[in-house]
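J.: The structure that follows is given in the form of structure tokens.
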Amino acid sequence: MGPETQGFLLNCWYVAAWDHELIDGKLLARTLLDKPVVLYRGDSGRVVALDSRCCHRGAKLSNGRREGDDIRCMYHGLKFDPSGKCIQIPGQDNIPKGLGVRSYPVHERDHLIWIWMGNPAAADPAKILDFPYLRDPAWRGKPGYMHYNANYLLIVDNLSDFAHLAFVHTRTLGGSEEYAYKSKPTAIERLEDGFRVERWHMAADAPPFHRKAVRNAGKVDRRNIARMYVPGIFFMETLFSPAGSGAGKGSLEGAKQYRNCQFFTPETKRSTHFFWDYLHDYALDDPTIALSLHDSMVEGFMEDKFIIEGQQEMLDADPDFKMHGIVADAPLAHFRRTLAKMIAAEKTPSIVEEAAHA
Ligand code: FES
Ligand SMILES: [Fe+2]
């Protein structure tokens, strides 16, 4: 972990929850970027995110009680509205001006609850990355969540090259060790907000997760197009076409496709919330396909989790350890540089701000 990415990028949207985590007015306690937050849906339907530390004596607001769109701390009863303002102190008429807890901008889209942990004035929902497949009836999936005891960037690293599919996921997502030797990224693009990797594997055996969903898949031409965005959002398009059907030249005949979104939100510096969905575009009336794919992905992600949490332990054991790069690390190195620059830029007051404070 380079020291430059020790902090978090604040002025960007992170996924805080799936909408189903807030059903029945539940108070969801979730630490995000080292901050304890309480999330809930009020009676009006709006989603609220507040600092979960009561401003009175620090009790947990997530142990409190929702009242309409408001929340009451169940220690001494202070009540807060969705803006975080204290609106009632039982037994005291006068509420000091400015008493309250911090509230965070939230935005709900396509079943995801997004949160903005930086300067609220800059929280523009237009900056949320769009993944249209989550609302498109031509695609079917099943939302997933997993918790990692590892820094989110180690998970981003893992996704930045598919060579690991061959070794970590030989019997699940990868299919064979051959994938690491025979398939090379055909294109790696270093972009301002991340990277894009395209990888083909021609006339290959379909990997197990695809074979479980599609019987008699046969030999396939397989294409993955992966796109990683700062601070840790990954979209992937996967195509399986019958081998030799001309997928390389753009033919989609007989193709079966997947769309995968993965959102990594730091919980702390060494733990991560992982939200994901894996959607398919065929046999949409068969609910067992989404379930089978979901289970296959969980199986695969558990393999990643095992490797990455072990890696985190090794890194913790020696903070002076220096990693050694190989060629396949190019996208992740670029990603870390890009993110470090953005984090540094947030810490440097702009000339305008400096002038204002002069
Ligand atoms: S600590 Fe919350 S009301 Fe006292
Ligand atoms: Fe993996």
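Residue names in the structure tokens use chain letters A, B, ... in the order shown, residue numbers from 1 in each chain, and ligand numbers from 1 in the order shown.
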Could you please extract the residues within 12 Å of ligand 2, counting only C-alpha atoms and all ligand atoms, and hand them back as a PyMOL selection string?
T.: chain A and resi 154-174+262+296-308
J.: Using only C-alpha atoms and all ligand atoms, which residues have at least one atom no more than 9 Å from ligand 1? Output them as a list in words.
T.: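 Counting only what the definition allows, namely only C-alpha atoms and all ligand atoms, the set is Arg53, Cys54, Cys55, His56, Arg57, Gly58, Ala59, Lys60, Leu61, Gly64, Arg72, Cys73, Met74, Tyr75, His76, Gly77, Leu78, Lys79 and Ile89 of chain A.
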J.: Grab the residues selected above and save them as an mmCIF file, in the first residue's frame with N, CA and C atoms.
T.:
```cif
data_model
loop_
_atom_site.group_PDB
_atom_site.id
_atom_site.type_symbol
_atom_site.label_atom_id
_atom_site.label_comp_id
_atom_site.auth_asym_id
_atom_site.auth_seq_id
_atom_site.Cartn_x
_atom_site.Cartn_y
_atom_site.Cartn_z
ATOM 1 N N ARG A 53 -23.056 8.866 15.628
ATOM 2 C CA ARG A 53 -22.632 9.185 17.013
ATOM 3 C C ARG A 53 -23.483 10.346 17.516
ATOM 4 N N CYS A 54 -24.319 10.089 18.476
ATOM 5 C CA CYS A 54 -25.195 11.144 18.995
ATOM 6 C C CYS A 54 -24.342 12.308 19.508
ATOM 7 N N CYS A 55 -24.773 13.546 19.193
ATOM 8 C CA CYS A 55 -23.967 14.720 19.566
ATOM 9 C C CYS A 55 -24.041 14.996 21.064
ATOM 10 N N HIS A 56 -24.969 14.337 21.775
ATOM 11 C CA HIS A 56 -25.044 14.571 23.217
ATOM 12 C C HIS A 56 -23.883 13.883 23.930
ATOM 13 N N ARG A 57 -23.947 12.566 24.050
ATOM 14 C CA ARG A 57 -22.843 11.893 24.743
ATOM 15 C C ARG A 57 -22.304 10.713 23.962
ATOM 16 N N GLY A 58 -22.596 10.721 22.655
ATOM 17 C CA GLY A 58 -21.928 9.756 21.783
ATOM 18 C C GLY A 58 -22.559 8.384 21.703
ATOM 19 N N ALA A 59 -23.802 8.238 22.166
ATOM 20 C CA ALA A 59 -24.453 6.922 22.015
ATOM 21 C C ALA A 59 -24.689 6.654 20.527
ATOM 22 N N LYS A 60 -24.973 5.399 20.220
ATOM 23 C CA LYS A 60 -25.166 5.009 18.815
ATOM 24 C C LYS A 60 -26.570 5.361 18.347
ATOM 25 N N LEU A 61 -26.665 6.209 17.341
ATOM 26 C CA LEU A 61 -27.995 6.529 16.822
ATOM 27 C C LEU A 61 -28.631 5.314 16.146
ATOM 28 N N GLY A 64 -31.070 3.710 18.005
ATOM 29 C CA GLY A 64 -32.188 4.587 18.364
ATOM 30 C C GLY A 64 -33.491 4.117 17.764
ATOM 31 N N ARG A 72 -34.671 9.186 16.878
ATOM 32 C CA ARG A 72 -34.485 9.584 18.275
ATOM 33 C C ARG A 72 -33.397 8.724 18.895
ATOM 34 N N CYS A 73 -32.457 9.364 19.577
ATOM 35 C CA CYS A 73 -31.429 8.619 20.310
ATOM 36 C C CYS A 73 -32.107 8.033 21.549
ATOM 37 N N MET A 74 -31.940 6.743 21.755
ATOM 38 C CA MET A 74 -32.657 6.082 22.851
ATOM 39 C C MET A 74 -31.832 6.032 24.137
ATOM 40 N N TYR A 75 -30.887 7.012 24.253
ATOM 41 C CA TYR A 75 -30.216 7.133 25.547
ATOM 42 C C TYR A 75 -30.928 8.194 26.387
ATOM 43 N N HIS A 76 -30.884 9.483 25.915
ATOM 44 C CA HIS A 76 -31.584 10.529 26.668
ATOM 45 C C HIS A 76 -32.680 11.183 25.835
ATOM 46 N N GLY A 77 -32.926 10.587 24.645
ATOM 47 C CA GLY A 77 -34.114 10.981 23.890
ATOM 48 C C GLY A 77 -33.988 12.149 22.929
ATOM 49 N N LEU A 78 -32.792 12.652 22.666
ATOM 50 C CA LEU A 78 -32.673 13.727 21.684
ATOM 51 C C LEU A 78 -33.183 13.235 20.337
ATOM 52 N N LYS A 79 -33.886 14.151 19.638
ATOM 53 C CA LYS A 79 -34.476 13.763 18.363
ATOM 54 C C LYS A 79 -33.870 14.607 17.244
ATOM 55 N N ILE A 89 -35.289 18.125 22.750
ATOM 56 C CA ILE A 89 -34.530 17.623 23.903
ATOM 57 C C ILE A 89 -35.560 17.423 25.013
#
```
J.: For segment 227-314 of chain A versus segment 322-334 of chain A, which residues have an atom no more than 12 Å away, and what is each residue's nearest atom pair and distance in Å rounded to one decimal, using only C-alpha atoms, chain-then-number order, as CSV?
T.:
```
residue,atom,partner,partner_atom,distance
A:Arg227,CA,A:Pro331,CA,10.6
A:Met228,CA,A:Pro331,CA,9.4
A:Tyr229,CA,A:Leu332,CA,11.3
A:Val230,CA,A:His334,CA,11.1
A:Gly232,CA,A:Leu332,CA,11.3
A:Gln311,CA,A:Met323,CA,11.4
A:Met314,CA,A:Met323,CA,11.5
```
J.: Run DSSP on the backbone and give me the residues of segment 29-179 of chain A it puts in alpha helix (DSSP H), as a PyMOL selection string.
T.: chain A and resi 152-159+163-168+178-179
J.: Write out the residues from the selection above, keeping N, CA and C atoms, as a compact mmCIF listing (two decimals), in the first residue's frame.
T.:
```txt
# COMPACT_ATOMS: atom_id res chain seq x y z
N TYR A 152 -9.68 -1.83 0.31
CA TYR A 152 -10.42 -1.94 -0.96
C TYR A 152 -9.49 -1.95 -2.18
N LEU A 153 -8.32 -1.31 -2.06
CA LEU A 153 -7.44 -1.26 -3.24
C LEU A 153 -6.83 -2.62 -3.55
N LEU A 154 -6.73 -3.48 -2.56
CA LEU A 154 -6.23 -4.83 -2.84
C LEU A 154 -7.25 -5.59 -3.70
N ILE A 155 -8.51 -5.25 -3.53
CA ILE A 155 -9.57 -5.91 -4.33
C ILE A 155 -9.57 -5.30 -5.74
N VAL A 156 -9.37 -4.00 -5.81
CA VAL A 156 -9.25 -3.36 -7.13
C VAL A 156 -8.07 -3.97 -7.89
N ASP A 157 -6.95 -4.13 -7.21
CA ASP A 157 -5.77 -4.76 -7.84
C ASP A 157 -6.13 -6.11 -8.44
N ASN A 158 -6.86 -6.88 -7.66
CA ASN A 158 -7.21 -8.24 -8.05
C ASN A 158 -8.01 -8.26 -9.35
N LEU A 159 -8.82 -7.21 -9.54
CA LEU A 159 -9.69 -7.17 -10.72
C LEU A 159 -9.01 -6.56 -11.93
N ALA A 163 -5.42 -12.53 -15.42
CA ALA A 163 -4.51 -13.66 -15.31
C ALA A 163 -4.82 -14.44 -14.04
N HIS A 164 -5.32 -13.77 -13.03
CA HIS A 164 -5.58 -14.46 -11.76
C HIS A 164 -6.75 -15.45 -11.87
N LEU A 165 -7.61 -15.25 -12.88
CA LEU A 165 -8.73 -16.18 -13.07
C LEU A 165 -8.23 -17.62 -13.17
N ALA A 166 -7.12 -17.76 -13.89
CA ALA A 166 -6.60 -19.09 -14.19
C ALA A 166 -6.15 -19.83 -12.93
N PHE A 167 -5.56 -19.09 -12.00
CA PHE A 167 -4.99 -19.76 -10.82
C PHE A 167 -5.91 -19.74 -9.62
N VAL A 168 -6.57 -18.58 -9.39
CA VAL A 168 -7.44 -18.49 -8.21
C VAL A 168 -8.76 -19.21 -8.47
N GLU A 178 -4.67 -22.63 -18.52
CA GLU A 178 -4.32 -22.20 -19.87
C GLU A 178 -4.67 -20.73 -20.11
N TYR A 179 -5.78 -20.29 -19.47
CA TYR A 179 -6.27 -18.93 -19.66
C TYR A 179 -5.17 -17.89 -19.39
```
J.: Give me, please, the distance in Å between atom CA of Asp316 of chain A and atom CA of Gly144 of chain A, quoted to one decimal.
T.: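 So the two atoms, atom CA of Asp316 of chain A and atom CA of Gly144 of chain A, lie 28.1 Å apart.
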J.: Can you list, as a list in words, every protein, DNA or RNA residue that comes within 8 Å of His147 of chain A when you count only C-alpha atoms, leaving out same-chain residues fewer than 4 positions away?
T.: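 Those residues are Ser271, Thr272, His273 and Phe274 of chain A.
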J.: Determine, counting only C-alpha atoms, which protein, DNA and RNA residues have an atom within 8 Å of an atom of Val220 of chain A; residues of the same chain fewer than 3 positions away are not included. Present the result as a PyMOL selection string.
T.: chain A and resi 202-206+217+240-244
J.: Output C-alpha atoms of each residue in that selection to a file, as an mmCIF file, in the first residue's frame.
T.:
```cif
data_model
loop_
_atom_site.group_PDB
_atom_site.id
_atom_site.type_symbol
_atom_site.label_atom_id
_atom_site.label_comp_id
_atom_site.auth_asym_id
_atom_site.auth_seq_id
_atom_site.Cartn_x
_atom_site.Cartn_y
_atom_site.Cartn_z
ATOM 1 C CA MET A 202 -10.809 -18.150 -28.608
ATOM 2 C CA ALA A 203 -12.166 -21.701 -28.980
ATOM 3 C CA ALA A 204 -11.974 -22.375 -25.263
ATOM 4 C CA ASP A 205 -13.964 -24.653 -23.019
ATOM 5 C CA ALA A 206 -16.707 -22.616 -21.389
ATOM 6 C CA ALA A 217 -22.284 -24.726 -24.106
ATOM 7 C CA PHE A 240 -19.681 -16.155 -24.965
ATOM 8 C CA SER A 241 -20.175 -17.011 -28.622
ATOM 9 C CA PRO A 242 -20.073 -20.423 -30.254
ATOM 10 C CA ALA A 243 -16.428 -20.930 -31.281
ATOM 11 C CA GLY A 244 -15.791 -19.645 -34.786
#
```
J.: DSSP on the backbone: which residues in segment 17-100 of chain A end up as strand (DSSP E or B)? Give the answer as a ChimeraX atom specification.
T.: /A:17-18,28-32,35-41,47-51,53,60,65-67,70-72,79-80,85-89,92,100
